[in-house]
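Report on the following structure.
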Amino acid sequence: MICAFNLVVQVARLVDGTRKVIRIDEVVGVQENLIRTEPIYVFRPVGTAEDEERVRGYFAATGYRPALCLRRLEEHGVTWSPDLFDPQPRIWVEGERWIQAPEEEA
């Protein structure tokens with residue numbers, strides 16, 4: 001069985017010259033020749049590392065649950081953690097490592 005997911009993965013060149021995935025959206029429909037999307041994850045830049053000039057940041061879930069994609073995954077027996085789409089927990093991208101993001105200051 002062939003299965004497709006309607007996702008848009010946006011890549012951009014950042015100020016440090018690197019290319020990063022900055023957004024992942026689900027295509028939810030077409031209205032009047034316009035493609036409608038809902039953001040699932042976005043890259044949040046927080047500055048550059050002091051010891052290098054690379055942009056640092058984290059991927060944040062928007063809270064949107066991609067219903068169309070999740071239904072297709074379920075049909076194929078794939079499961080996922082409910083936290084995957086929770087907008088509160090954030091993960092830093094630091095070089096090649098993933099670490100828990102600090103709490104946001106109020």
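Residue numbering restarts at 1 in every chain; chains get A, B, ... in the order shown in the structure tokens, and ligands count up from 1 in that same order.
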
Contacts of A:Val11 at 6 Å or less, counting only C-alpha atoms, minus same-chain residues fewer than 5 places along, as an MDAnalysis selection string?
chainID A and resid 20:22

Residues of stretch 17-71 of chain A within 9 Å of stretch 75-88 of chain A: nearest atom pair and distance (Å, one decimal) for each, counting only C-alpha atoms, sorted by chain and number, as CSV?
```
residue,atom,partner,partner_atom,distance
A:Ile40,CA,A:Phe85,CA,7.4
A:Tyr41,CA,A:Phe85,CA,8.3
A:Ala60,CA,A:Pro87,CA,6.2
A:Ala61,CA,A:Pro87,CA,4.6
A:Thr62,CA,A:Pro87,CA,5.2
A:Gly63,CA,A:Pro87,CA,4.9
A:Tyr64,CA,A:Phe85,CA,6.6
A:Arg65,CA,A:Phe85,CA,6.1
A:Pro66,CA,A:Phe85,CA,8.8
A:Leu70,CA,A:Glu75,CA,8.6
A:Arg71,CA,A:Glu75,CA,6.3
```

DSSP strand (DSSP E) selection over stretch 15-71 of chain A, as a PyMOL selection string
chain A and resi 19-31+34-48+55-61

Do you know which residues are at most 10 Å from A:Val46 counting only C-alpha atoms, after dropping those on the same chain fewer than 6 positions away, and could you put them as JSON, numbers by chain?
{"A": [55, 56, 57, 58, 92]}

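Straight-line separation from atom CA of A:Glu38 to atom CA of A:Arg54: 28.5 Å.
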
Which of stretch 27-93 of chain A end up as alpha helix (DSSP H) when DSSP is run on this backbone - answer as a PyMOL selection string?
chain A and resi 67-75

Neighbour list for A:Glu26 as an MDAnalysis selection string, cut-off 6 Å, only C-alpha atoms, skip fewer than 3 positions in-chain
chainID A and resid 6:7 37:38

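Interatomic distance, atom CA of A:Ile24 against atom CA of A:Glu53: 25.0 Å.
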
Students should find that atom CA of A:Leu73 and atom CA of A:Gln10 are spaced 21.8 Å
